[in-house]
file entry32.cif (mmCIF, C-alpha atoms)
data_my_file
loop_
_atom_site.label_atom_id
_atom_site.label_comp_id
_atom_site.auth_asym_id
_atom_site.auth_seq_id
_atom_site.Cartn_x
_atom_site.Cartn_y
_atom_site.Cartn_z
CA MET O 1 29.63 102.70 -48.66
CA ILE O 2 28.85 104.79 -51.72
CA ARG O 3 31.45 107.36 -50.60
CA TYR O 4 34.02 104.59 -50.40
CA LEU O 5 33.15 103.51 -53.94
CA MET O 6 33.44 107.07 -55.23
CA LYS O 7 36.82 107.49 -53.54
CA ASN O 8 38.04 104.22 -55.04
CA ASN O 9 36.79 105.20 -58.51
CA PHE O 10 38.60 108.53 -58.27
CA LYS O 11 41.84 106.65 -57.53
CA LEU O 12 41.30 104.28 -60.45
CA MET O 13 40.73 107.16 -62.84
CA PHE O 14 43.83 109.06 -61.80
CA ARG O 15 46.00 105.97 -62.19
CA ASN O 16 45.40 106.26 -65.92
CA THR O 17 47.13 109.63 -66.15
CA TRP O 18 47.27 109.78 -69.96
CA SER O 19 43.49 110.12 -70.23
CA ILE O 20 43.53 113.02 -67.74
CA VAL O 21 46.37 114.67 -69.69
CA VAL O 22 44.40 114.32 -72.94
CA MET O 23 41.43 116.08 -71.36
CA LEU O 24 43.71 118.89 -70.13
CA LEU O 25 45.91 119.44 -73.18
CA GLY O 26 43.46 118.39 -75.92
CA PRO O 27 41.20 121.46 -75.73
CA ILE O 28 44.13 123.86 -75.37
CA LEU O 29 45.97 122.51 -78.43
CA VAL O 30 42.85 122.33 -80.61
CA ILE O 31 41.78 125.83 -79.60
CA ALA O 32 45.25 127.22 -80.35
CA VAL O 33 45.37 125.62 -83.81
CA LEU O 34 41.82 126.44 -84.93
CA SER O 35 41.70 129.95 -83.53
CA SER O 36 44.83 130.74 -85.54
CA ALA O 37 43.63 128.98 -88.68
CA PHE O 38 40.23 130.69 -88.72
CA THR O 39 41.26 134.16 -87.60
CA GLU O 40 40.70 135.59 -91.08
CA LEU O 41 37.26 133.99 -91.36
CA LEU O 42 35.92 135.62 -88.23
CA LYS O 43 37.69 138.91 -88.85
CA SER O 44 34.96 139.60 -91.39
CA TYR O 45 32.40 139.26 -88.60
CA GLU O 46 33.92 142.17 -86.71
CA GLY O 47 32.02 144.58 -88.88
CA VAL O 48 32.39 146.52 -92.10
CA ASP O 49 32.34 150.17 -93.07
CA GLU O 50 29.03 151.80 -93.90
CA PHE O 51 27.58 150.50 -97.14
CA ALA O 52 24.62 151.39 -99.36
CA ILE O 53 21.60 149.23 -100.09
CA GLY O 54 18.81 149.98 -102.55
CA TYR O 55 15.20 149.07 -101.94
CA ARG O 56 11.81 149.10 -103.61
CA MET O 57 8.45 148.60 -101.96
CA GLU O 58 5.04 147.61 -103.27
CA GLU O 59 2.11 149.72 -102.16
CA ASP O 60 0.42 146.91 -100.21
CA SER O 61 3.55 145.84 -98.34
CA ILE O 62 3.21 145.91 -94.55
CA MET O 63 6.74 147.33 -94.36
CA GLN O 64 5.53 150.61 -95.84
CA GLU O 65 4.38 151.57 -92.39
CA TYR O 66 7.77 150.93 -90.85
CA ILE O 67 10.24 151.84 -93.59
CA GLU O 68 11.34 155.03 -91.83
CA ILE O 69 12.21 153.05 -88.72
CA LEU O 70 13.99 150.43 -90.82
CA VAL O 71 16.04 153.09 -92.61
CA ASP O 72 16.87 154.83 -89.33
CA GLU O 73 17.97 151.61 -87.61
CA GLY O 74 19.95 150.62 -90.67
CA ARG O 75 21.80 153.94 -90.56
CA LYS O 76 22.70 153.34 -86.90
CA ASN O 77 24.20 150.00 -87.87
CA GLY O 78 26.12 151.21 -90.90
CA ILE O 79 23.55 150.34 -93.58
CA SER O 80 22.37 153.18 -95.78
CA PHE O 81 19.02 152.39 -97.44
CA HIS O 82 18.07 154.28 -100.65
CA ASP O 83 14.75 154.11 -102.46
CA TYR O 84 14.95 153.25 -106.18
CA PRO O 85 11.38 152.85 -107.47
CA GLN O 86 12.42 152.30 -111.10
CA GLY O 87 14.89 150.11 -112.95
CA GLU O 88 16.12 146.52 -112.83
CA PRO O 89 17.69 145.77 -109.41
CA LEU O 90 20.96 144.44 -110.84
CA ASP O 91 21.34 147.44 -113.17
CA VAL O 92 20.57 149.85 -110.31
CA MET O 93 23.16 148.12 -108.14
CA GLU O 94 25.85 148.36 -110.80
CA ARG O 95 25.16 152.01 -111.69
CA ASN O 96 25.08 153.22 -108.09
CA GLY O 97 27.71 150.98 -106.50
CA LEU O 98 25.23 149.29 -104.18
CA ALA O 99 26.15 146.27 -102.08
CA GLY O 100 22.66 144.85 -102.48
CA PHE O 101 19.05 145.52 -103.31
CA VAL O 102 15.85 144.56 -101.48
CA GLU O 103 12.39 144.27 -103.01
CA PHE O 104 9.56 144.31 -100.45
CA SER O 105 6.35 142.77 -101.75
CA LYS O 106 3.17 142.01 -99.87
CA GLU O 107 4.16 138.60 -98.51
CA GLU O 108 7.92 138.42 -98.89
CA TYR O 109 11.13 140.26 -99.58
CA VAL O 110 13.84 139.40 -102.08
CA ILE O 111 17.52 140.28 -101.64
CA TYR O 112 19.80 140.84 -104.65
CA LYS O 113 23.46 140.43 -103.76
CA SER O 114 26.62 141.80 -105.30
CA ALA O 115 29.51 139.33 -105.58
CA ASP O 116 31.90 142.15 -104.62
CA TYR O 117 30.18 142.75 -101.27
CA GLU O 118 29.93 139.28 -99.75
CA VAL O 119 30.40 140.35 -96.13
CA GLU O 120 28.06 143.32 -96.51
CA CYS O 121 25.35 141.03 -97.90
CA ILE O 122 25.75 138.66 -94.95
CA THR O 123 25.33 141.65 -92.66
CA LEU O 124 22.25 142.77 -94.59
CA GLU O 125 20.69 139.28 -94.36
CA TYR O 126 21.30 139.17 -90.62
CA PHE O 127 19.82 142.65 -90.14
CA LEU O 128 16.69 141.93 -92.17
CA GLY O 129 16.34 138.53 -90.55
CA ARG O 130 16.24 140.13 -87.12
CA VAL O 131 13.72 142.70 -88.34
CA MET O 132 11.40 140.13 -89.88
CA SER O 133 11.66 137.33 -87.32
CA GLU O 134 11.73 139.34 -84.11
CA SER O 135 10.42 142.80 -84.82
CA VAL O 136 7.44 142.21 -87.11
CA LYS O 137 6.16 138.93 -85.68
CA GLY O 138 4.56 136.71 -88.27
CA TYR O 139 5.48 139.07 -91.12
CA LEU O 140 5.53 136.30 -93.67
CA GLU O 141 2.47 134.51 -92.27
CA VAL O 142 0.10 137.02 -90.64
CA MET O 143 -0.21 140.04 -92.87
CA CYS O 144 -3.41 141.56 -91.39
CA PRO O 145 -3.18 143.00 -87.88
CA ALA O 146 -6.40 143.47 -85.90
CA ASP O 147 -8.55 146.46 -86.75
CA ASN O 148 -7.33 149.70 -85.21
CA ALA O 149 -4.38 147.86 -83.66
CA GLU O 150 -0.98 149.47 -83.73
CA VAL O 151 1.99 147.33 -84.74
CA GLU O 152 5.21 148.64 -83.25
CA LEU O 153 8.74 147.66 -84.06
CA PRO O 154 10.80 146.97 -80.91
CA VAL O 155 13.76 148.80 -82.36
CA SER O 156 15.87 148.12 -79.30
CA GLN O 157 16.19 144.52 -80.52
CA LEU O 158 17.73 145.44 -83.86
CA ASP O 159 21.28 145.92 -82.60
CA PHE O 160 23.90 143.69 -84.14
CA MET O 161 25.53 140.92 -82.17
CA PRO O 162 28.91 142.32 -81.09
CA SER O 163 32.00 140.99 -82.84
CA VAL O 164 33.34 137.56 -81.97
CA ASN O 165 36.92 136.78 -82.85
CA ALA O 166 38.23 133.32 -83.69
CA LYS O 167 40.00 132.86 -80.36
CA ASP O 168 36.90 133.59 -78.35
CA TYR O 169 34.62 131.48 -80.52
CA TYR O 170 36.79 128.38 -80.78
CA GLY O 171 38.07 128.86 -77.24
CA ILE O 172 34.49 128.37 -76.10
CA ALA O 173 33.28 125.92 -78.78
CA TYR O 174 35.97 123.35 -78.08
CA ILE O 175 35.61 123.50 -74.35
CA VAL O 176 31.97 122.59 -75.04
CA TYR O 177 32.99 119.84 -77.46
CA PHE O 178 35.46 118.23 -75.06
CA CYS O 179 32.87 118.41 -72.26
CA TRP O 180 30.93 115.77 -74.17
CA CYS O 181 34.02 113.60 -74.64
CA GLY O 182 34.79 113.42 -70.91
CA MET O 183 34.06 109.70 -70.76
CA ILE O 184 37.67 109.20 -71.82
CA CYS O 185 38.64 109.96 -68.21
CA ALA O 186 36.74 106.85 -67.12
CA THR O 187 38.84 104.43 -69.19
CA GLY O 188 41.19 103.66 -66.30
CA MET O 189 38.33 103.02 -63.91
CA LEU O 190 36.28 100.87 -66.29
CA SER O 191 39.23 98.85 -67.59
CA SER O 192 40.37 98.11 -64.03
CA GLU O 193 36.83 97.12 -63.12
CA LYS O 194 36.82 94.66 -65.99
CA LYS O 195 40.32 93.36 -65.32
CA TYR O 196 39.82 92.63 -61.62
CA GLY O 197 36.12 91.76 -61.73
CA ILE O 198 35.25 94.50 -59.27
CA GLU O 199 31.62 94.75 -60.34
CA ARG O 200 31.06 91.00 -59.87
CA LYS O 201 32.54 91.16 -56.38
CA PHE O 202 30.10 93.88 -55.36
CA GLN O 203 27.14 91.87 -56.66
CA VAL O 204 27.20 89.75 -53.49
CA SER O 205 26.98 92.88 -51.29
CA ASN O 206 23.90 94.90 -50.43
CA ILE O 207 24.91 97.73 -52.76
CA SER O 208 22.18 98.49 -55.28
CA ASN O 209 22.71 98.88 -59.00
CA THR O 210 21.73 102.56 -58.68
CA GLN O 211 24.41 103.17 -56.04
CA MET O 212 27.03 101.49 -58.21
CA TYR O 213 25.96 103.64 -61.15
CA ILE O 214 26.07 106.88 -59.16
CA ALA O 215 29.45 105.92 -57.70
CA LYS O 216 30.82 105.95 -61.26
CA LEU O 217 28.86 108.85 -62.74
CA VAL O 218 29.68 111.41 -60.04
CA PRO O 219 33.50 110.90 -60.08
CA ILE O 220 33.55 111.03 -63.88
CA THR O 221 31.55 114.27 -63.92
CA LEU O 222 33.62 115.97 -61.22
CA THR O 223 36.94 114.87 -62.74
CA VAL O 224 36.01 116.17 -66.18
CA PHE O 225 34.66 119.40 -64.68
CA GLY O 226 37.95 119.96 -62.87
CA GLY O 227 39.94 119.20 -66.01
CA MET O 228 37.82 121.50 -68.15
CA GLY O 229 38.15 124.20 -65.51
CA ILE O 230 41.93 124.01 -65.69
CA ALA O 231 41.90 123.88 -69.50
CA THR O 232 39.56 126.89 -69.61
CA VAL O 233 41.74 128.99 -67.30
CA VAL O 234 44.98 128.06 -69.09
CA SER O 235 43.55 128.75 -72.56
CA ALA O 236 42.00 132.02 -71.37
CA VAL O 237 45.33 133.22 -69.96
CA LEU O 238 47.57 132.01 -72.79
CA LEU O 239 45.25 132.82 -75.71
CA ASP O 240 43.35 135.78 -74.22
CA ILE O 241 39.92 134.15 -74.48
CA HIS O 242 37.03 136.08 -72.99
CA TRP O 243 34.22 134.40 -71.09
CA GLY O 244 31.07 136.18 -69.96
CA ASN O 245 29.22 135.72 -66.65
CA ILE O 246 31.60 133.19 -65.10
CA LEU O 247 29.03 131.72 -62.70
CA LEU O 248 26.35 131.14 -65.34
CA SER O 249 28.90 129.87 -67.86
CA SER O 250 30.21 127.42 -65.24
CA VAL O 251 26.71 126.07 -64.66
CA ILE O 252 26.20 125.51 -68.39
CA VAL O 253 29.58 123.78 -68.74
CA PHE O 254 28.91 121.58 -65.70
CA MET O 255 25.49 120.53 -67.00
CA MET O 256 26.94 119.60 -70.38
CA ILE O 257 29.69 117.57 -68.71
CA PHE O 258 27.04 115.87 -66.57
CA ALA O 259 24.98 115.11 -69.69
CA GLY O 260 28.01 113.85 -71.62
CA SER O 261 29.03 111.58 -68.73
CA ALA O 262 25.48 110.24 -68.38
CA LEU O 263 25.35 109.56 -72.13
CA GLY O 264 28.66 107.69 -72.00
CA MET O 265 27.62 105.65 -68.95
CA MET O 266 24.34 104.74 -70.62
CA ILE O 267 26.15 103.42 -73.69
CA TYR O 268 28.55 101.47 -71.47
CA SER O 269 25.69 100.01 -69.43
CA ILE O 270 24.06 98.79 -72.64
CA SER O 271 27.17 97.50 -74.42
CA ASN O 272 29.35 96.54 -71.43
CA ASN O 273 32.28 97.12 -73.76
CA LEU O 274 34.68 100.05 -73.39
CA ALA O 275 35.77 100.12 -77.05
CA ILE O 276 32.19 100.14 -78.34
CA THR O 277 31.31 102.83 -75.81
CA MET O 278 34.08 105.15 -76.98
CA ILE O 279 33.36 104.64 -80.67
CA ALA O 280 29.63 105.17 -80.22
CA LEU O 281 30.06 108.18 -77.92
CA PHE O 282 32.58 109.95 -80.14
CA SER O 283 30.39 109.31 -83.20
CA ILE O 284 27.35 110.82 -81.48
CA VAL O 285 29.36 113.80 -80.21
CA TRP O 286 30.82 114.37 -83.67
CA VAL O 287 27.31 114.56 -85.13
CA PHE O 288 26.26 116.93 -82.32
CA GLY O 289 29.29 119.08 -83.07
CA PHE O 290 28.78 118.99 -86.83
CA PHE O 291 25.31 120.49 -86.49
CA GLY O 292 26.12 122.47 -83.36
CA GLY O 293 28.84 124.82 -84.58
CA SER O 294 31.99 123.03 -83.39
CA PHE O 295 33.55 122.92 -86.85
CA GLU O 296 31.66 125.61 -88.75
CA THR O 297 30.66 128.66 -86.74
CA TYR O 298 26.93 128.69 -86.10
CA MET O 299 26.78 132.32 -87.34
CA TYR O 300 27.79 131.22 -90.84
CA SER O 301 26.33 127.71 -90.73
CA SER O 302 24.13 126.72 -93.66
CA MET O 303 22.58 123.82 -91.74
CA PRO O 304 18.78 123.82 -91.37
CA GLU O 305 17.68 125.51 -88.16
CA ILE O 306 15.78 122.44 -86.99
CA SER O 307 18.96 120.33 -87.29
CA LYS O 308 20.93 122.82 -85.22
CA GLN O 309 18.22 123.05 -82.59
CA MET O 310 18.36 119.27 -82.09
CA SER O 311 22.03 119.42 -81.09
CA PRO O 312 22.72 120.08 -77.39
CA ILE O 313 26.15 121.36 -78.41
CA TYR O 314 24.48 124.11 -80.44
CA HIS O 315 22.50 125.31 -77.43
CA GLY O 316 25.55 125.23 -75.17
CA THR O 317 27.93 126.86 -77.63
CA ARG O 318 25.48 129.59 -78.61
CA ALA O 319 24.60 130.36 -74.99
CA LEU O 320 28.26 130.66 -73.96
CA VAL O 321 29.35 132.65 -77.02
CA GLU O 322 26.48 135.12 -76.59
CA LEU O 323 27.22 135.44 -72.88
CA SER O 324 30.79 136.25 -73.83
CA CYS O 325 30.01 138.94 -76.40
CA MET O 326 26.61 140.25 -75.26
CA GLY O 327 26.43 139.38 -71.56
CA GLN O 328 23.11 137.58 -72.07
CA SER O 329 21.56 134.86 -74.20
CA GLU O 330 18.14 133.38 -74.83
CA TYR O 331 19.80 129.98 -75.10
CA VAL O 332 20.95 129.74 -71.48
CA GLY O 333 17.71 128.12 -70.36
CA SER O 334 17.52 125.70 -73.28
CA ALA O 335 21.17 124.68 -72.83
CA ILE O 336 20.58 123.80 -69.17
CA VAL O 337 17.18 122.16 -69.66
CA TYR O 338 18.37 120.14 -72.67
CA SER O 339 21.38 118.86 -70.72
CA LEU O 340 19.23 118.02 -67.72
CA ALA O 341 16.77 116.09 -69.91
CA ILE O 342 19.65 114.06 -71.37
CA VAL O 343 20.91 113.30 -67.84
CA VAL O 344 17.50 112.07 -66.70
CA VAL O 345 16.86 109.93 -69.80
CA CYS O 346 20.37 108.45 -69.95
CA PHE O 347 20.48 107.83 -66.18
CA THR O 348 17.16 105.96 -66.30
CA ILE O 349 18.11 103.85 -69.31
CA GLY O 350 21.56 103.16 -67.87
CA ILE O 351 20.13 101.92 -64.56
CA LEU O 352 17.60 99.70 -66.34
CA ALA O 353 20.23 98.29 -68.70
CA GLY O 354 22.55 97.55 -65.78
CA ALA O 355 19.76 95.82 -63.87
CA VAL O 356 18.86 93.65 -66.86
CA ARG O 357 22.48 92.64 -67.38
CA LYS O 358 22.89 91.89 -63.68
CA ARG O 359 19.82 89.64 -63.74
CA GLY O 360 21.19 87.84 -66.76
CA ARG O 361 24.36 86.97 -64.85
CA ALA O 362 22.50 85.95 -61.68
#

call {"tool": "encode", "arguments": {"input": "entry32.cif", "output": "structure tokens"}}
result
Amino acid sequence: MIRYLMKNNFKLMFRNTWSIVVMLLGPILVIAVLSSAFTELLKSYEGVDEFAIGYRMEEDSIMQEYIEILVDEGRKNGISFHDYPQGEPLDVMERNGLAGFVEFSKEEYVIYKSADYEVECITLEYFLGRVMSESVKGYLEVMCPADNAEVELPVSQLDFMPSVNAKDYYGIAYIVYFCWCGMICATGMLSSEKKYGIERKFQVSNISNTQMYIAKLVPITLTVFGGMGIATVVSAVLLDIHWGNILLSSVIVFMMIFAGSALGMMIYSISNNLAITMIALFSIVWVFGFFGGSFETYMYSSMPEISKQMSPIYHGTRALVELSCMGQSEYVGSAIVYSLAIVVVCFTIGILAGAVRKRGRA
């Protein structure tokens, strides 16, 4: 019986062809517009010529032990570090044409930036951030390693993230964004259900509330996944968008579609109103996208890290972008687990809400 319900729900969805067309053309058009508009912004991320940075280090700074490695790795990445033990940092920068200046003290480092070298300073911040957060663990918190212990810099982790152009970034980011808006494909099915009282008719049968819920959730997820697959292929061919690890990327996209569909169905089960569902869902997704890098690239985002980490769109977008440009990402696991957690929570709440509403009508 559940297969019959799924088949019927597929038919109802495809009768409302405009919603399917929106899901197919929407991502392609948005990607084309934004990738063109922000080409210049992400061109600066493709790298800069070698530039010079001055530095000064206090005697008790832990970085004294690793400065040669830092200088060597900086040289490999186009950053030339020069020691200037005397003089005011800003004066030293101006006299020697430096892009920036770094003062290493015992418990922190301070970066002085030149307004004429904005991109170079962003590169410097990223480089030092990787050194401090990943290479010297606890640099700002744990300044005293164990006696006789050797602290080694894993220099292999200091490589820059390869360049990401606007087409690749927004070509991926808006596929992710539209994955969470897939509930729009269910408008034909849900409006027909309301119009003809289909749900009430099935209440007298032996079909459980869970079966009814699954019979809607699965067709929505598969329909959106198919639509996003077509949109991804078309945009990749027409706009030359590069995706990395197709199988793993497909799993991430599918899980986000599944999570977005479960979220939409949960809202609908609670509100039992299609208009409220769409408004609430799109509002939530907009907030996810605002913090998750859909509008402002997460590389340049000034949002607090904790705010970005709370957005499932951030995890998905970052995982897919890094798979595209690096072939691997630490965010693959979190993107999948986060989506799965949303599916489980939303599915449970949706079933309970549907059962309560059904009892109220009994």

call {"tool": "resolve_selection", "arguments": {"input": "entry32.cif", "expression": "the PyMOL selection byres ((chain O and resi 71) around 12)", "output": "list in words"}}
result
Ala52, Ile53, Gly54, Tyr55, Met63, Gln64, Glu65, Tyr66, Ile67, Glu68, Ile69, Leu70, Asp72, Glu73, Gly74, Arg75, Lys76, Asn77, Gly78, Ile79, Ser80, Phe81, His82, Asp83, Phe127, Leu128, Val131, Val155 and Leu158 of chain O

call {"tool": "write_last_selection", "arguments": {"input": "entry32.cif", "atoms": "C-alpha atoms", "output": "PDB file, in the frame of the given file"}}
result
ATOM      1  CA  ALA O  52      24.620 151.390 -99.360  1.00  0.00           C
ATOM      2  CA  ILE O  53      21.600 149.230-100.090  1.00  0.00           C
ATOM      3  CA  GLY O  54      18.810 149.980-102.550  1.00  0.00           C
ATOM      4  CA  TYR O  55      15.200 149.070-101.940  1.00  0.00           C
ATOM      5  CA  MET O  63       6.740 147.330 -94.360  1.00  0.00           C
ATOM      6  CA  GLN O  64       5.530 150.610 -95.840  1.00  0.00           C
ATOM      7  CA  GLU O  65       4.380 151.570 -92.390  1.00  0.00           C
ATOM      8  CA  TYR O  66       7.770 150.930 -90.850  1.00  0.00           C
ATOM      9  CA  ILE O  67      10.240 151.840 -93.590  1.00  0.00           C
ATOM     10  CA  GLU O  68      11.340 155.030 -91.830  1.00  0.00           C
ATOM     11  CA  ILE O  69      12.210 153.050 -88.720  1.00  0.00           C
ATOM     12  CA  LEU O  70      13.990 150.430 -90.820  1.00  0.00           C
ATOM     13  CA  ASP O  72      16.870 154.830 -89.330  1.00  0.00           C
ATOM     14  CA  GLU O  73      17.970 151.610 -87.610  1.00  0.00           C
ATOM     15  CA  GLY O  74      19.950 150.620 -90.670  1.00  0.00           C
ATOM     16  CA  ARG O  75      21.800 153.940 -90.560  1.00  0.00           C
ATOM     17  CA  LYS O  76      22.700 153.340 -86.900  1.00  0.00           C
ATOM     18  CA  ASN O  77      24.200 150.000 -87.870  1.00  0.00           C
ATOM     19  CA  GLY O  78      26.120 151.210 -90.900  1.00  0.00           C
ATOM     20  CA  ILE O  79      23.550 150.340 -93.580  1.00  0.00           C
ATOM     21  CA  SER O  80      22.370 153.180 -95.780  1.00  0.00           C
ATOM     22  CA  PHE O  81      19.020 152.390 -97.440  1.00  0.00           C
ATOM     23  CA  HIS O  82      18.070 154.280-100.650  1.00  0.00           C
ATOM     24  CA  ASP O  83      14.750 154.110-102.460  1.00  0.00           C
ATOM     25  CA  PHE O 127      19.820 142.650 -90.140  1.00  0.00           C
ATOM     26  CA  LEU O 128      16.690 141.930 -92.170  1.00  0.00           C
ATOM     27  CA  VAL O 131      13.720 142.700 -88.340  1.00  0.00           C
ATOM     28  CA  VAL O 155      13.760 148.800 -82.360  1.00  0.00           C
ATOM     29  CA  LEU O 158      17.730 145.440 -83.860  1.00  0.00           C
TER      30      LEU O 158
END

call {"tool": "residues_around", "arguments": {"input": "entry32.cif", "residues": "Glu330 in chain O", "least_positions_apart": "5", "cutoff": "12 Å", "atoms": "all atoms listed in the file", "output": "PDB file with C-alpha atoms, keeping the file's coordinate frame"}}
result
ATOM      1  CA  HIS O 315      22.500 125.310 -77.430  1.00  0.00           C
ATOM      2  CA  GLY O 316      25.550 125.230 -75.170  1.00  0.00           C
ATOM      3  CA  ARG O 318      25.480 129.590 -78.610  1.00  0.00           C
ATOM      4  CA  ALA O 319      24.600 130.360 -74.990  1.00  0.00           C
ATOM      5  CA  LEU O 320      28.260 130.660 -73.960  1.00  0.00           C
ATOM      6  CA  VAL O 321      29.350 132.650 -77.020  1.00  0.00           C
ATOM      7  CA  GLU O 322      26.480 135.120 -76.590  1.00  0.00           C
ATOM      8  CA  LEU O 323      27.220 135.440 -72.880  1.00  0.00           C
ATOM      9  CA  ALA O 335      21.170 124.680 -72.830  1.00  0.00           C
ATOM     10  CA  ILE O 336      20.580 123.800 -69.170  1.00  0.00           C
TER      11      ILE O 336
END

call {"tool": "residues_around", "arguments": {"input": "entry32.cif", "residues": "Thr232 in chain O", "least_positions_apart": "3", "cutoff": "9 Å", "atoms": "only C-alpha atoms", "output": "short mmCIF file (atom, residue, chain, number, x, y, z; two decimals) with C-alpha atoms, in the frame of the given file"}}
result
data_model
loop_
_atom_site.label_atom_id
_atom_site.label_comp_id
_atom_site.auth_asym_id
_atom_site.auth_seq_id
_atom_site.Cartn_x
_atom_site.Cartn_y
_atom_site.Cartn_z
CA PRO O 27 41.20 121.46 -75.73
CA ILE O 28 44.13 123.86 -75.37
CA GLY O 171 38.07 128.86 -77.24
CA ILE O 172 34.49 128.37 -76.10
CA ILE O 175 35.61 123.50 -74.35
CA GLY O 227 39.94 119.20 -66.01
CA MET O 228 37.82 121.50 -68.15
CA GLY O 229 38.15 124.20 -65.51
CA SER O 235 43.55 128.75 -72.56
CA ALA O 236 42.00 132.02 -71.37
CA VAL O 237 45.33 133.22 -69.96
CA ILE O 241 39.92 134.15 -74.48
#

call {"tool": "closest_residue", "arguments": {"input": "entry32.cif", "among": "O:Asn273, O:Ser261, O:Gln86, O:Ser61", "to": "Glu107 in chain O", "atoms": "all atoms listed in the file"}}
result
O:Ser61

call {"tool": "resolve_selection", "arguments": {"input": "entry32.cif", "expression": "the PyMOL selection byres ((chain O and resi 276-292) around 10)", "output": "MDAnalysis selection string"}}
result
chainID O and resid 173:174 176:184 187 260:261 263:275 293:298 301:318

call {"tool": "residues_around", "arguments": {"input": "entry32.cif", "residues": "range 214-217 of chain O", "least_positions_apart": "4", "cutoff": "10 Å", "atoms": "all atoms listed in the file", "output": "list in words"}}
result
Met1, Ile2, Arg3, Tyr4, Leu5, Met6, Lys7, Asn8, Asn9, Phe10, Met183, Ala186, Met189, Leu190, Asn209, Thr210, Thr221, Leu222, Phe258, Ser261, Ala262, Gly264, Met265, Met266, Phe347 and Ile351 of chain O

call {"tool": "residues_around", "arguments": {"input": "entry32.cif", "residues": "Lys167 in chain O", "least_positions_apart": "3", "cutoff": "8 Å", "atoms": "all atoms listed in the file", "output": "PyMOL selection string"}}
result
chain O and resi 31-32+35-36+39+170-171+239-241

call {"tool": "axis_aligned_box", "arguments": {"input": "entry32.cif", "around": "range 291-301 of chain O", "padding_each_side": "4 Å", "output": "lines of an AutoDock Vina configuration file"}}
result
center_x = 29.4
center_y = 126.4
center_z = -87.1
size_x = 16.2
size_y = 19.8
size_z = 15.5

call {"tool": "atom_distance", "arguments": {"input": "entry32.cif", "atom1": "CA of Ala37 in chain O", "atom2": "CA of Ser114 in chain O"}}
result
27.0 Å

call {"tool": "closest_residue", "arguments": {"input": "entry32.cif", "among": "O:Leu98, O:Ser208, O:Leu248, O:Met23", "to": "Ile220 in chain O", "atoms": "all atoms listed in the file"}}
result
O:Met23

call {"tool": "closest_residue", "arguments": {"input": "entry32.cif", "among": "O:Thr123, O:Thr223, O:Thr348, O:Ser339", "to": "Met299 in chain O", "atoms": "all atoms listed in the file"}}
result
O:Thr123

call {"tool": "atom_distance", "arguments": {"input": "entry32.cif", "atom1": "CA of Val21 in chain O", "atom2": "CA of Ile246 in chain O"}}
result
24.1 Å

call {"tool": "closest_residue", "arguments": {"input": "entry32.cif", "among": "O:Val234, O:Val218, O:Ile349, O:Val33", "to": "Ile257 in chain O", "atoms": "all atoms listed in the file"}}
result
O:Val218

call {"tool": "atom_distance", "arguments": {"input": "entry32.cif", "atom1": "CA of Cys325 in chain O", "atom2": "CA of Ala166 in chain O"}}
result
12.3 Å

call {"tool": "decode", "arguments": {"input": "entry32.cif", "residues": "range 57-67 of chain O", "atoms": "N, CA and C atoms", "output": "PDB file, in the first residue's frame"}}
result
ATOM      1  N   MET O  57      60.182  39.540  17.327  1.00  0.00           N
ATOM      2  CA  MET O  57      59.841  38.487  18.260  1.00  0.00           C
ATOM      3  C   MET O  57      60.460  38.742  19.622  1.00  0.00           C
ATOM      4  N   GLU O  58      59.635  38.607  20.669  1.00  0.00           N
ATOM      5  CA  GLU O  58      60.153  38.719  22.025  1.00  0.00           C
ATOM      6  C   GLU O  58      60.950  37.464  22.385  1.00  0.00           C
ATOM      7  N   GLU O  59      61.855  37.618  23.317  1.00  0.00           N
ATOM      8  CA  GLU O  59      62.743  36.511  23.669  1.00  0.00           C
ATOM      9  C   GLU O  59      61.997  35.312  24.232  1.00  0.00           C
ATOM     10  N   ASP O  60      60.911  35.541  24.961  1.00  0.00           N
ATOM     11  CA  ASP O  60      60.202  34.435  25.596  1.00  0.00           C
ATOM     12  C   ASP O  60      59.050  33.899  24.752  1.00  0.00           C
ATOM     13  N   SER O  61      58.990  34.292  23.496  1.00  0.00           N
ATOM     14  CA  SER O  61      57.923  33.796  22.622  1.00  0.00           C
ATOM     15  C   SER O  61      58.199  32.347  22.215  1.00  0.00           C
ATOM     16  N   ILE O  62      57.163  31.511  22.262  1.00  0.00           N
ATOM     17  CA  ILE O  62      57.323  30.110  21.877  1.00  0.00           C
ATOM     18  C   ILE O  62      57.671  29.985  20.396  1.00  0.00           C
ATOM     19  N   MET O  63      57.335  30.984  19.591  1.00  0.00           N
ATOM     20  CA  MET O  63      57.602  30.918  18.164  1.00  0.00           C
ATOM     21  C   MET O  63      59.078  31.073  17.840  1.00  0.00           C
ATOM     22  N   GLN O  64      59.875  31.483  18.814  1.00  0.00           N
ATOM     23  CA  GLN O  64      61.317  31.569  18.567  1.00  0.00           C
ATOM     24  C   GLN O  64      61.867  30.235  18.089  1.00  0.00           C
ATOM     25  N   GLU O  65      61.345  29.188  18.653  1.00  0.00           N
ATOM     26  CA  GLU O  65      61.849  27.854  18.352  1.00  0.00           C
ATOM     27  C   GLU O  65      61.497  27.397  16.935  1.00  0.00           C
ATOM     28  N   TYR O  66      60.467  28.038  16.371  1.00  0.00           N
ATOM     29  CA  TYR O  66      59.971  27.563  15.077  1.00  0.00           C
ATOM     30  C   TYR O  66      60.033  28.626  13.988  1.00  0.00           C
ATOM     31  N   ILE O  67      60.697  29.740  14.253  1.00  0.00           N
ATOM     32  CA  ILE O  67      60.672  30.836  13.296  1.00  0.00           C
ATOM     33  C   ILE O  67      61.308  30.446  11.969  1.00  0.00           C
TER      34      ILE O  67
END
